[in-house]
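*Asks:* For reference, this is query.cif, and it has mmCIF, C-alpha atoms.
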```cif
data_upload
loop_
_atom_site.group_PDB
_atom_site.id
_atom_site.type_symbol
_atom_site.label_atom_id
_atom_site.label_comp_id
_atom_site.auth_asym_id
_atom_site.auth_seq_id
_atom_site.Cartn_x
_atom_site.Cartn_y
_atom_site.Cartn_z
ATOM 1 C CA ILE T 1 1.474 26.889 -0.444
ATOM 2 C CA ASN T 2 -0.391 23.962 -2.029
ATOM 3 C CA GLY T 3 -3.336 24.798 -4.256
ATOM 4 C CA ASP T 4 -4.003 28.225 -5.736
ATOM 5 C CA ALA T 5 -6.112 31.330 -5.119
ATOM 6 C CA SER T 6 -9.308 29.501 -6.137
ATOM 7 C CA THR T 7 -8.797 26.485 -3.843
ATOM 8 C CA GLY T 8 -7.036 27.811 -0.791
ATOM 9 C CA PRO T 9 -4.529 25.566 1.034
ATOM 10 C CA MET T 10 -4.697 21.936 -0.061
ATOM 11 C CA ARG T 11 -3.300 18.658 1.215
ATOM 12 C CA LEU T 12 -0.322 17.181 -0.599
ATOM 13 C CA GLY T 13 -1.183 14.281 -2.857
ATOM 14 C CA THR T 14 1.289 11.944 -1.116
ATOM 15 C CA ALA T 15 2.481 11.604 2.486
ATOM 16 C CA ILE T 16 5.685 13.433 1.645
ATOM 17 C CA VAL T 17 6.363 14.662 5.207
ATOM 18 C CA ASP T 18 6.000 11.150 6.642
ATOM 19 C CA MET T 19 8.260 9.644 4.004
ATOM 20 C CA GLY T 20 10.674 12.558 4.152
ATOM 21 C CA THR T 21 11.025 12.222 7.919
ATOM 22 C CA GLY T 22 11.990 8.601 7.416
ATOM 23 C CA LEU T 23 14.578 9.578 4.829
ATOM 24 C CA TYR T 24 15.972 12.402 6.972
ATOM 25 C CA SER T 25 16.137 9.945 9.902
ATOM 26 C CA ALA T 26 18.082 7.432 7.810
ATOM 27 C CA ILE T 27 20.509 10.187 6.808
ATOM 28 C CA GLY T 28 20.820 11.260 10.448
ATOM 29 C CA ILE T 29 21.627 7.710 11.514
ATOM 30 C CA LEU T 30 24.348 7.480 8.873
ATOM 31 C CA MET T 31 25.751 10.844 9.994
ATOM 32 C CA ALA T 32 25.812 9.679 13.628
ATOM 33 C CA LEU T 33 27.576 6.452 12.670
ATOM 34 C CA HIS T 34 30.146 8.398 10.683
ATOM 35 C CA GLU T 35 30.742 10.835 13.563
ATOM 36 C CA ARG T 36 31.118 7.930 15.996
ATOM 37 C CA LYS T 37 34.210 6.810 14.086
ATOM 38 C CA THR T 38 35.900 10.032 15.236
ATOM 39 C CA SER T 39 34.466 10.508 18.725
ATOM 40 C CA GLY T 40 33.806 6.903 19.697
ATOM 41 C CA ILE T 41 30.541 8.061 21.273
ATOM 42 C CA GLY T 42 26.954 7.396 20.248
ATOM 43 C CA GLN T 43 24.159 9.962 20.482
ATOM 44 C CA TYR T 44 20.386 10.367 20.582
ATOM 45 C CA LEU T 45 18.718 11.376 17.318
ATOM 46 C CA ASP T 46 15.685 13.662 17.785
ATOM 47 C CA MET T 47 13.471 13.656 14.652
ATOM 48 C CA THR T 48 9.997 15.178 14.243
ATOM 49 C CA LEU T 49 7.496 15.443 11.418
ATOM 50 C CA TYR T 50 7.182 19.160 12.119
ATOM 51 C CA ASP T 51 10.877 19.892 11.661
ATOM 52 C CA CYS T 52 11.056 17.904 8.439
ATOM 53 C CA GLY T 53 7.933 19.603 7.110
ATOM 54 C CA MET T 54 9.596 22.956 7.748
ATOM 55 C CA ALA T 55 12.722 21.734 5.973
ATOM 56 C CA PHE T 56 10.635 21.063 2.863
ATOM 57 C CA LEU T 57 9.526 24.716 2.566
ATOM 58 C CA HIS T 58 11.719 25.418 -0.446
ATOM 59 C CA PRO T 59 11.675 27.843 -2.215
ATOM 60 C CA HIS T 60 8.898 29.452 -0.184
ATOM 61 C CA ALA T 61 10.834 29.994 3.045
ATOM 62 C CA PRO T 62 13.860 31.558 1.276
ATOM 63 C CA ASN T 63 11.494 33.774 -0.722
ATOM 64 C CA PHE T 64 9.853 34.944 2.504
ATOM 65 C CA PHE T 65 13.208 35.650 4.176
ATOM 66 C CA LEU T 66 14.323 37.659 1.145
ATOM 67 C CA ASN T 67 11.237 39.802 0.534
ATOM 68 C CA GLY T 68 9.084 39.505 3.657
ATOM 69 C CA ASN T 69 5.971 38.674 1.633
ATOM 70 C CA ARG T 70 3.696 35.816 2.603
ATOM 71 C CA PRO T 71 4.046 33.050 -0.036
ATOM 72 C CA LYS T 72 0.826 32.199 -1.833
ATOM 73 C CA GLY T 73 -0.250 28.953 -3.438
ATOM 74 C CA THR T 74 0.491 29.033 -7.157
ATOM 75 C CA GLY T 75 -0.890 25.631 -8.138
ATOM 76 C CA ASN T 76 1.230 23.962 -10.799
ATOM 77 C CA PRO T 77 3.423 26.952 -11.798
ATOM 78 C CA HIS T 78 6.734 27.401 -10.012
ATOM 79 C CA PRO T 79 6.800 30.643 -7.992
ATOM 80 C CA ASN T 80 10.275 31.614 -9.249
ATOM 81 C CA LEU T 81 10.901 29.905 -12.602
ATOM 82 C CA VAL T 82 9.072 30.412 -15.909
ATOM 83 C CA PRO T 83 8.101 28.331 -17.852
ATOM 84 C CA TYR T 84 7.757 25.684 -15.154
ATOM 85 C CA ASP T 85 4.191 24.474 -15.438
ATOM 86 C CA LYS T 86 1.667 22.027 -16.871
ATOM 87 C CA TYR T 87 0.452 22.623 -20.442
ATOM 88 C CA PRO T 88 -2.215 20.993 -22.645
ATOM 89 C CA THR T 89 -1.270 19.413 -25.965
ATOM 90 C CA LYS T 90 -3.202 17.601 -28.674
ATOM 91 C CA THR T 91 -2.822 14.212 -26.996
ATOM 92 C CA CYS T 92 -2.090 14.768 -23.305
ATOM 93 C CA GLU T 93 -1.002 17.269 -20.695
ATOM 94 C CA ILE T 94 2.732 17.717 -20.261
ATOM 95 C CA PHE T 95 4.848 19.292 -17.545
ATOM 96 C CA ILE T 96 7.834 21.404 -18.532
ATOM 97 C CA ALA T 97 10.520 22.444 -16.037
ATOM 98 C CA SER T 98 12.628 25.006 -17.885
ATOM 99 C CA GLY T 99 15.084 26.262 -15.302
ATOM 100 C CA ASN T 100 17.335 28.621 -17.259
ATOM 101 C CA ASN T 101 17.619 30.743 -20.403
ATOM 102 C CA GLY T 102 19.427 28.049 -22.368
ATOM 103 C CA GLN T 103 16.654 25.536 -21.755
ATOM 104 C CA PHE T 104 14.028 28.119 -22.676
ATOM 105 C CA ARG T 105 15.742 28.891 -25.984
ATOM 106 C CA LYS T 106 16.020 25.188 -26.790
ATOM 107 C CA LEU T 107 12.320 24.754 -25.956
ATOM 108 C CA CYS T 108 11.368 27.555 -28.347
ATOM 109 C CA GLU T 109 13.459 26.010 -31.128
ATOM 110 C CA LEU T 110 11.953 22.554 -30.653
ATOM 111 C CA ILE T 111 8.354 23.793 -30.862
ATOM 112 C CA GLY T 112 9.079 25.868 -33.972
ATOM 113 C CA ARG T 113 8.939 29.245 -32.212
ATOM 114 C CA PRO T 114 12.580 30.437 -31.976
ATOM 115 C CA ASP T 115 11.296 34.010 -32.156
ATOM 116 C CA MET T 116 9.928 33.757 -28.606
ATOM 117 C CA ALA T 117 13.445 33.387 -27.191
ATOM 118 C CA ASP T 118 14.358 36.739 -28.758
ATOM 119 C CA ASP T 119 11.208 38.502 -27.565
ATOM 120 C CA PRO T 120 12.281 41.171 -25.005
ATOM 121 C CA ARG T 121 9.358 40.149 -22.789
ATOM 122 C CA PHE T 122 10.868 36.664 -22.448
ATOM 123 C CA ALA T 123 14.575 37.480 -22.661
ATOM 124 C CA ASN T 124 15.414 36.174 -19.197
ATOM 125 C CA ASN T 125 13.714 34.538 -16.233
ATOM 126 C CA GLY T 126 13.028 37.887 -14.552
ATOM 127 C CA GLU T 127 11.178 39.180 -17.627
ATOM 128 C CA ARG T 128 9.377 35.874 -18.063
ATOM 129 C CA ASN T 129 8.151 36.143 -14.474
ATOM 130 C CA ILE T 130 6.787 39.619 -15.131
ATOM 131 C CA ASN T 131 5.152 38.475 -18.375
ATOM 132 C CA ARG T 132 4.125 35.039 -17.128
ATOM 133 C CA VAL T 133 0.528 35.238 -18.401
ATOM 134 C CA ALA T 134 1.528 36.300 -21.923
ATOM 135 C CA LEU T 135 4.132 33.533 -22.152
ATOM 136 C CA THR T 136 1.717 30.895 -20.861
ATOM 137 C CA LEU T 137 -0.830 31.841 -23.527
ATOM 138 C CA ALA T 138 1.819 31.798 -26.270
ATOM 139 C CA LEU T 139 3.070 28.372 -25.225
ATOM 140 C CA ALA T 140 -0.452 26.946 -24.979
ATOM 141 C CA GLU T 141 -1.082 28.101 -28.550
ATOM 142 C CA ALA T 142 2.184 26.517 -29.735
ATOM 143 C CA PHE T 143 1.436 23.226 -27.958
ATOM 144 C CA LYS T 144 -2.176 22.705 -29.022
ATOM 145 C CA GLU T 145 -1.308 20.759 -32.202
ATOM 146 C CA GLN T 146 1.656 18.922 -30.709
ATOM 147 C CA ASP T 147 1.675 15.261 -29.702
ATOM 148 C CA GLY T 148 2.511 15.603 -26.015
ATOM 149 C CA TYR T 149 4.129 12.171 -25.704
ATOM 150 C CA GLU T 150 6.403 12.710 -28.699
ATOM 151 C CA LEU T 151 7.165 16.300 -27.689
ATOM 152 C CA SER T 152 8.179 15.220 -24.196
ATOM 153 C CA ILE T 153 10.700 12.766 -25.643
ATOM 154 C CA ARG T 154 12.150 15.411 -27.968
ATOM 155 C CA LEU T 155 12.447 17.921 -25.153
ATOM 156 C CA ILE T 156 14.112 15.590 -22.661
ATOM 157 C CA ASN T 157 16.490 14.267 -25.327
ATOM 158 C CA ASN T 158 17.585 17.851 -25.962
ATOM 159 C CA GLY T 159 18.129 18.815 -22.358
ATOM 160 C CA VAL T 160 14.772 20.360 -21.491
ATOM 161 C CA PRO T 161 13.163 18.593 -18.485
ATOM 162 C CA ALA T 162 9.659 17.531 -19.510
ATOM 163 C CA GLY T 163 7.259 14.627 -19.377
ATOM 164 C CA PRO T 164 3.633 13.653 -19.965
ATOM 165 C CA VAL T 165 1.315 13.967 -16.969
ATOM 166 C CA LEU T 166 0.326 10.346 -16.338
ATOM 167 C CA PRO T 167 -2.395 8.913 -14.100
ATOM 168 C CA VAL T 168 -1.157 6.228 -11.717
ATOM 169 C CA ASP T 169 -2.314 3.271 -13.841
ATOM 170 C CA GLU T 170 -0.538 4.575 -16.942
ATOM 171 C CA SER T 171 2.634 5.370 -14.998
ATOM 172 C CA MET T 172 2.857 1.739 -13.852
ATOM 173 C CA VAL T 173 3.224 0.494 -17.431
ATOM 174 C CA ALA T 174 5.172 3.434 -18.859
ATOM 175 C CA PRO T 175 8.311 2.372 -20.777
ATOM 176 C CA HIS T 176 10.615 4.303 -18.450
ATOM 177 C CA THR T 177 9.011 2.713 -15.392
ATOM 178 C CA LEU T 178 9.668 -0.741 -16.830
ATOM 179 C CA HIS T 179 13.201 0.181 -17.892
ATOM 180 C CA ARG T 180 14.013 1.362 -14.361
ATOM 181 C CA GLU T 181 12.381 -1.737 -12.830
ATOM 182 C CA MET T 182 10.151 0.416 -10.650
ATOM 183 C CA VAL T 183 7.356 -2.164 -10.552
ATOM 184 C CA THR T 184 8.289 -5.430 -8.888
ATOM 185 C CA GLU T 185 6.447 -8.766 -8.784
ATOM 186 C CA LEU T 186 7.130 -11.909 -6.787
ATOM 187 C CA ASP T 187 4.593 -14.699 -6.279
ATOM 188 C CA TRP T 188 1.337 -13.011 -5.230
ATOM 189 C CA TYR T 189 3.011 -9.676 -4.421
ATOM 190 C CA LYS T 190 3.177 -6.662 -6.743
ATOM 191 C CA GLY T 191 4.476 -3.261 -5.667
ATOM 192 C CA ILE T 192 6.849 -0.379 -6.242
ATOM 193 C CA GLY T 193 10.522 -1.249 -6.743
ATOM 194 C CA THR T 194 13.452 0.420 -5.015
ATOM 195 C CA PRO T 195 14.682 3.761 -6.377
ATOM 196 C CA ILE T 196 18.162 3.033 -4.977
ATOM 197 C CA LYS T 197 20.271 1.427 -7.693
ATOM 198 C CA PHE T 198 23.704 0.169 -6.593
ATOM 199 C CA SER T 199 26.369 -0.819 -9.107
ATOM 200 C CA ARG T 200 27.462 -3.961 -7.197
ATOM 201 C CA THR T 201 24.812 -4.942 -4.653
ATOM 202 C CA LYS T 202 21.581 -4.850 -6.599
ATOM 203 C CA GLY T 203 18.456 -4.346 -4.521
ATOM 204 C CA GLY T 204 15.015 -5.736 -5.231
ATOM 205 C CA THR T 205 12.201 -7.910 -3.970
ATOM 206 C CA ARG T 206 13.701 -11.090 -2.529
ATOM 207 C CA ARG T 207 10.608 -12.387 -0.767
ATOM 208 C CA PRO T 208 6.946 -11.336 -0.551
ATOM 209 C CA PRO T 209 5.784 -9.447 2.563
ATOM 210 C CA PRO T 210 4.941 -11.805 5.444
ATOM 211 C CA LYS T 211 1.381 -12.620 6.371
ATOM 212 C CA PHE T 212 0.168 -11.706 9.844
ATOM 213 C CA ALA T 213 2.363 -13.410 12.500
ATOM 214 C CA GLN T 214 3.893 -15.623 9.807
ATOM 215 C CA HIS T 215 7.327 -15.478 11.419
ATOM 216 C CA GLY T 216 6.208 -15.240 15.058
ATOM 217 C CA ASP T 217 7.637 -18.625 16.069
ATOM 218 C CA GLU T 218 10.871 -17.948 14.199
ATOM 219 C CA ILE T 219 11.380 -14.560 15.875
ATOM 220 C CA LEU T 220 10.669 -15.862 19.359
ATOM 221 C CA SER T 221 12.960 -18.839 18.785
ATOM 222 C CA GLY T 222 15.705 -16.443 17.747
ATOM 223 C CA LEU T 223 15.221 -14.622 21.055
ATOM 224 C CA GLY T 224 15.832 -17.849 22.943
ATOM 225 C CA TYR T 225 12.309 -19.083 23.622
ATOM 226 C CA GLY T 226 11.704 -22.818 23.405
ATOM 227 C CA LYS T 227 8.777 -24.428 21.628
ATOM 228 C CA ASP T 228 6.845 -25.089 24.847
ATOM 229 C CA LYS T 229 7.291 -21.489 26.026
ATOM 230 C CA ILE T 230 6.108 -20.141 22.669
ATOM 231 C CA GLU T 231 2.968 -22.262 22.867
ATOM 232 C CA GLU T 232 2.448 -21.070 26.431
ATOM 233 C CA LEU T 233 2.644 -17.427 25.299
ATOM 234 C CA LYS T 234 0.159 -18.061 22.506
ATOM 235 C CA LYS T 235 -2.260 -19.693 24.903
ATOM 236 C CA ALA T 236 -1.914 -16.861 27.413
ATOM 237 C CA LEU T 237 -2.702 -14.299 24.748
ATOM 238 C CA ILE T 238 -5.702 -16.220 23.421
ATOM 239 C CA GLU T 239 -7.225 -16.794 26.837
ATOM 240 C CA GLY T 240 -6.025 -13.756 28.732
ATOM 241 C CA VAL T 241 -6.633 -10.760 26.453
ATOM 242 C CA PRO T 242 -9.169 -8.415 28.122
ATOM 243 C CA CYS T 243 -12.046 -6.842 26.213
ATOM 244 C CA ASP T 244 -10.286 -3.470 26.165
ATOM 245 C CA PRO T 245 -8.368 -3.394 22.826
ATOM 246 C CA TYR T 246 -5.353 -2.021 24.714
ATOM 247 C CA PHE T 247 -3.609 -4.448 27.012
ATOM 248 C CA LYS T 248 -0.197 -5.046 28.486
ATOM 249 C CA VAL T 249 1.769 -8.273 28.496
ATOM 250 C CA GLN T 250 4.459 -8.492 31.146
ATOM 251 C CA ALA T 251 7.180 -11.069 30.750
ATOM 252 C CA THR T 252 10.863 -11.663 31.223
ATOM 253 C CA ASN T 253 13.024 -12.684 28.313
ATOM 254 C CA PRO T 254 15.499 -15.592 28.583
ATOM 255 C CA THR T 255 18.235 -13.270 29.932
ATOM 256 C CA GLY T 256 16.026 -12.141 32.810
ATOM 257 C CA GLU T 257 15.341 -8.619 31.506
ATOM 258 C CA PHE T 258 11.838 -7.298 32.170
ATOM 259 C CA TRP T 259 9.746 -6.505 29.099
ATOM 260 C CA MET T 260 6.581 -4.454 28.836
ATOM 261 C CA VAL T 261 4.725 -4.858 25.553
ATOM 262 C CA LYS T 262 1.733 -2.694 24.677
ATOM 263 C CA ARG T 263 -0.341 -3.755 21.706
ATOM 264 C CA LYS T 264 -3.612 -2.684 20.130
ATOM 265 C CA PHE T 265 -5.662 -5.344 18.397
ATOM 266 C CA THR T 266 -8.510 -4.701 15.998
ATOM 267 C CA ARG T 267 -9.268 -8.380 15.409
ATOM 268 C CA GLU T 268 -10.976 -10.920 17.611
ATOM 269 C CA PRO T 269 -8.619 -11.910 20.470
ATOM 270 C CA SER T 270 -8.895 -15.588 19.517
ATOM 271 C CA LYS T 271 -7.329 -14.807 16.141
ATOM 272 C CA VAL T 272 -4.361 -12.880 17.507
ATOM 273 C CA PHE T 273 -0.912 -14.305 18.070
ATOM 274 C CA LEU T 274 2.268 -12.609 19.237
#
```
Please render this file's structure as structure tokens.
*Replies:*
Amino acid sequence: INGDASTGPMRLGTAIVDMGTGLYSAIGILMALHERKTSGIGQYLDMTLYDCGMAFLHPHAPNFFLNGNRPKGTGNPHPNLVPYDKYPTKTCEIFIASGNNGQFRKLCELIGRPDMADDPRFANNGERNINRVALTLALAEAFKEQDGYELSIRLINNGVPAGPVLPVDESMVAPHTLHREMVTELDWYKGIGTPIKFSRTKGGTRRPPPKFAQHGDEILSGLGYGKDKIEELKKALIEGVPCDPYFKVQATNPTGEFWMVKRKFTREPSKVFL
């Protein structure tokens, strides 16, 4: 479903299934915790990339169940909604996501073509789907002298979802990105901010990511290991790691429970610490 007839199936631009599985898993954990309040019983949560990938097949799976036709890649255009596509303008490409007749009429008014909303070929989404090519050509003609950045602002301010198509570097310094604090900096670290905005407990970058094994001693101390034992473990790893990059360390923690740790190292053994 990604790509179009000229490209064939294409990989998604981001690891959406990996990230989505993490999000679905977080939701599942919250659901299990909520259910536990009623039942008093915990449960195992079975999550797979495959299942979550299937769950993302919207609207293609519903379309298939309704009409029995194999969904095809449409590229940028939405398979069900028109106009819902990328368009060139005088200054940049913009993406417009007009999802209903009211938004389409407002779009036509804002680009100086109110007559298009009254054209029988474009009277409703069903007709616009049938006459998709004609509408796309008419919109491209109407957009060619428009400033895409300014037009996007006018559209979104009037209830028509739209925005300029930005490369990654431009998106990082876009006014809306800065307003939403979606780029975060702390000391040497710079990255993407959190999209979760609480009203009371504000999230954000509180410390830079740790360097390799930076908190190893602290973690082991928290598990009950003394300083001498920690040094002993370090020495055992430095001197005892076999050439095979996969190895097993067997140990008992301070409570007597048996641990089996399997690690893969890609660095020289002498530079590796637990």
*Asks:* Measuring atom to atom with only C-alpha atoms, identify which of T:Lys86, T:His78, T:Arg207, T:Lys106 is nearest to His58 in chain T.
*Replies:*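 Result for the nearest residue to His58 in chain T: T:His78.
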*Asks:* With distances taken over only C-alpha atoms, which residue among T:Glu150, T:Tyr189, T:Gln103, T:Gly226 lies nearest Pro210 in chain T?
*Replies:*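 Of T:Glu150, T:Tyr189, T:Gln103, T:Gly226, the one nearest Pro210 in chain T is T:Tyr189, counting only C-alpha atoms.
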*Asks:* Could you list, with a cut-off of 10 Å and counting all atoms listed in the file, the residues of range 129-185 of chain T near range 121-124 of chain T, each shown with its nearest atom pair and the distance in Å rounded to one decimal, rows sorted by chain and ascending number, as a tab-separated table?
*Replies:*
```
residue	atom	partner	partner_atom	distance
T:Asn129	CA	T:Phe122	CA	8.4
T:Ile130	CA	T:Arg121	CA	8.1
T:Asn131	CA	T:Arg121	CA	6.3
T:Arg132	CA	T:Phe122	CA	8.7
T:Ala134	CA	T:Arg121	CA	8.8
T:Leu135	CA	T:Phe122	CA	7.4
```
*Asks:* Assuming the chain letters and numbering stay as they are in my file, what does the PyMOL selection byres ((chain T and resi 216) around 12) actually select? List them as a list in words.
*Replies:*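 Selected by the PyMOL selection byres ((chain T and resi 216) around 12) in this file: Pro210, Lys211, Phe212, Ala213, Gln214, His215, Asp217, Glu218, Ile219, Leu220, Ser221, Gly222, Leu223, Tyr225, Lys227, Ile230, Glu231, Leu233, Lys234, Val272, Phe273 and Leu274 of chain T.
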*Asks:* For each of T:Tyr149, T:Thr48, T:Asp85, T:Val160, take the minimum atom-to-atom distance to Asn100 in chain T, counting only C-alpha atoms, then give the residue where this is smallest.
*Replies:* T:Val160
*Asks:* Given the file shown, determine the residues that the PyMOL selection byres ((chain T and resi 187) around 12) selects; report them as a list of chain:residue names.
*Replies:*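 Given this file, the PyMOL selection byres ((chain T and resi 187) around 12) evaluates to T:Thr184, T:Glu185, T:Leu186, T:Trp188, T:Tyr189, T:Lys190, T:Gly191, T:Thr205, T:Arg206, T:Arg207, T:Pro208, T:Pro209.
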*Asks:* Counting all atoms listed in the file, I want the residues whose atoms come within 7 Å of (10.4, 33.2, -5.5) in the file frame, returned as a PyMOL selection string.
*Replies:* chain T and resi 59-60+63+79-80
*Asks:* Of the candidates T:Thr74, T:Val133, T:Gly159, T:Val82, which shows the shortest atom-to-atom distance to Thr7 in chain T, using all atoms listed in the file?
*Replies:*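 Closest residue, counting all atoms listed in the file: T:Thr74.
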*Asks:* When you count only C-alpha atoms, which of these residues is closest to Ile1 in chain T: T:Ala32, T:Met47, T:Ala55, T:Gly73?
*Replies:*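 Closest to Ile1 in chain T of all the choices is T:Gly73.
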*Asks:* Could you give me, as a ChimeraX atom specification, the residues within 12 Å of range 16-26 of chain T, counting all atoms listed in the file and dropping anything in the same chain fewer than 3 positions from it?
*Replies:* /T:11-13,29-33,44-57
*Asks:* Save range 33-45 of chain T of the structure in the block above to a file, with N, CA, C and O atoms included, as a PDB file, in the first residue's frame.
*Replies:*
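Output contents, as saved in result04.pdb:
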```pdb
ATOM      1  N   LEU T  33      -3.343  -2.808  34.078  1.00  0.00           N
ATOM      2  CA  LEU T  33      -3.318  -2.226  35.425  1.00  0.00           C
ATOM      3  C   LEU T  33      -4.712  -1.784  35.850  1.00  0.00           C
ATOM      4  O   LEU T  33      -5.118  -1.960  37.005  1.00  0.00           O
ATOM      5  N   HIS T  34      -5.449  -1.217  34.912  1.00  0.00           N
ATOM      6  CA  HIS T  34      -6.812  -0.782  35.224  1.00  0.00           C
ATOM      7  C   HIS T  34      -7.707  -1.984  35.533  1.00  0.00           C
ATOM      8  O   HIS T  34      -8.484  -1.963  36.501  1.00  0.00           O
ATOM      9  N   GLU T  35      -7.572  -3.057  34.731  1.00  0.00           N
ATOM     10  CA  GLU T  35      -8.390  -4.250  34.958  1.00  0.00           C
ATOM     11  C   GLU T  35      -8.047  -4.917  36.280  1.00  0.00           C
ATOM     12  O   GLU T  35      -8.919  -5.472  36.944  1.00  0.00           O
ATOM     13  N   ARG T  36      -6.770  -4.832  36.680  1.00  0.00           N
ATOM     14  CA  ARG T  36      -6.335  -5.457  37.929  1.00  0.00           C
ATOM     15  C   ARG T  36      -7.046  -4.852  39.141  1.00  0.00           C
ATOM     16  O   ARG T  36      -7.223  -5.517  40.165  1.00  0.00           O
ATOM     17  N   LYS T  37      -7.446  -3.583  39.023  1.00  0.00           N
ATOM     18  CA  LYS T  37      -8.163  -2.953  40.132  1.00  0.00           C
ATOM     19  C   LYS T  37      -9.483  -3.660  40.414  1.00  0.00           C
ATOM     20  O   LYS T  37      -9.972  -3.676  41.539  1.00  0.00           O
ATOM     21  N   THR T  38     -10.073  -4.256  39.369  1.00  0.00           N
ATOM     22  CA  THR T  38     -11.344  -4.968  39.519  1.00  0.00           C
ATOM     23  C   THR T  38     -11.136  -6.427  39.898  1.00  0.00           C
ATOM     24  O   THR T  38     -11.773  -6.950  40.814  1.00  0.00           O
ATOM     25  N   SER T  39     -10.220  -7.102  39.181  1.00  0.00           N
ATOM     26  CA  SER T  39     -10.038  -8.537  39.378  1.00  0.00           C
ATOM     27  C   SER T  39      -9.024  -8.879  40.458  1.00  0.00           C
ATOM     28  O   SER T  39      -9.074  -9.954  41.059  1.00  0.00           O
ATOM     29  N   GLY T  40      -8.072  -7.970  40.693  1.00  0.00           N
ATOM     30  CA  GLY T  40      -7.003  -8.249  41.633  1.00  0.00           C
ATOM     31  C   GLY T  40      -5.970  -9.214  41.097  1.00  0.00           C
ATOM     32  O   GLY T  40      -5.115  -9.695  41.833  1.00  0.00           O
ATOM     33  N   ILE T  41      -6.023  -9.492  39.793  1.00  0.00           N
ATOM     34  CA  ILE T  41      -5.130 -10.474  39.179  1.00  0.00           C
ATOM     35  C   ILE T  41      -4.347  -9.829  38.042  1.00  0.00           C
ATOM     36  O   ILE T  41      -4.906  -9.084  37.229  1.00  0.00           O
ATOM     37  N   GLY T  42      -3.052 -10.132  37.976  1.00  0.00           N
ATOM     38  CA  GLY T  42      -2.240  -9.675  36.861  1.00  0.00           C
ATOM     39  C   GLY T  42      -2.382 -10.610  35.677  1.00  0.00           C
ATOM     40  O   GLY T  42      -3.024 -11.662  35.757  1.00  0.00           O
ATOM     41  N   GLN T  43      -1.791 -10.244  34.531  1.00  0.00           N
ATOM     42  CA  GLN T  43      -1.866 -11.094  33.354  1.00  0.00           C
ATOM     43  C   GLN T  43      -0.697 -10.841  32.412  1.00  0.00           C
ATOM     44  O   GLN T  43      -0.032  -9.802  32.484  1.00  0.00           O
ATOM     45  N   TYR T  44      -0.451 -11.808  31.543  1.00  0.00           N
ATOM     46  CA  TYR T  44       0.636 -11.736  30.571  1.00  0.00           C
ATOM     47  C   TYR T  44       0.154 -10.957  29.351  1.00  0.00           C
ATOM     48  O   TYR T  44      -0.950 -11.182  28.847  1.00  0.00           O
ATOM     49  N   LEU T  45       0.978 -10.046  28.871  1.00  0.00           N
ATOM     50  CA  LEU T  45       0.644  -9.232  27.709  1.00  0.00           C
ATOM     51  C   LEU T  45       1.458  -9.711  26.510  1.00  0.00           C
ATOM     52  O   LEU T  45       2.684  -9.647  26.520  1.00  0.00           O
TER      53      LEU T  45
END
```
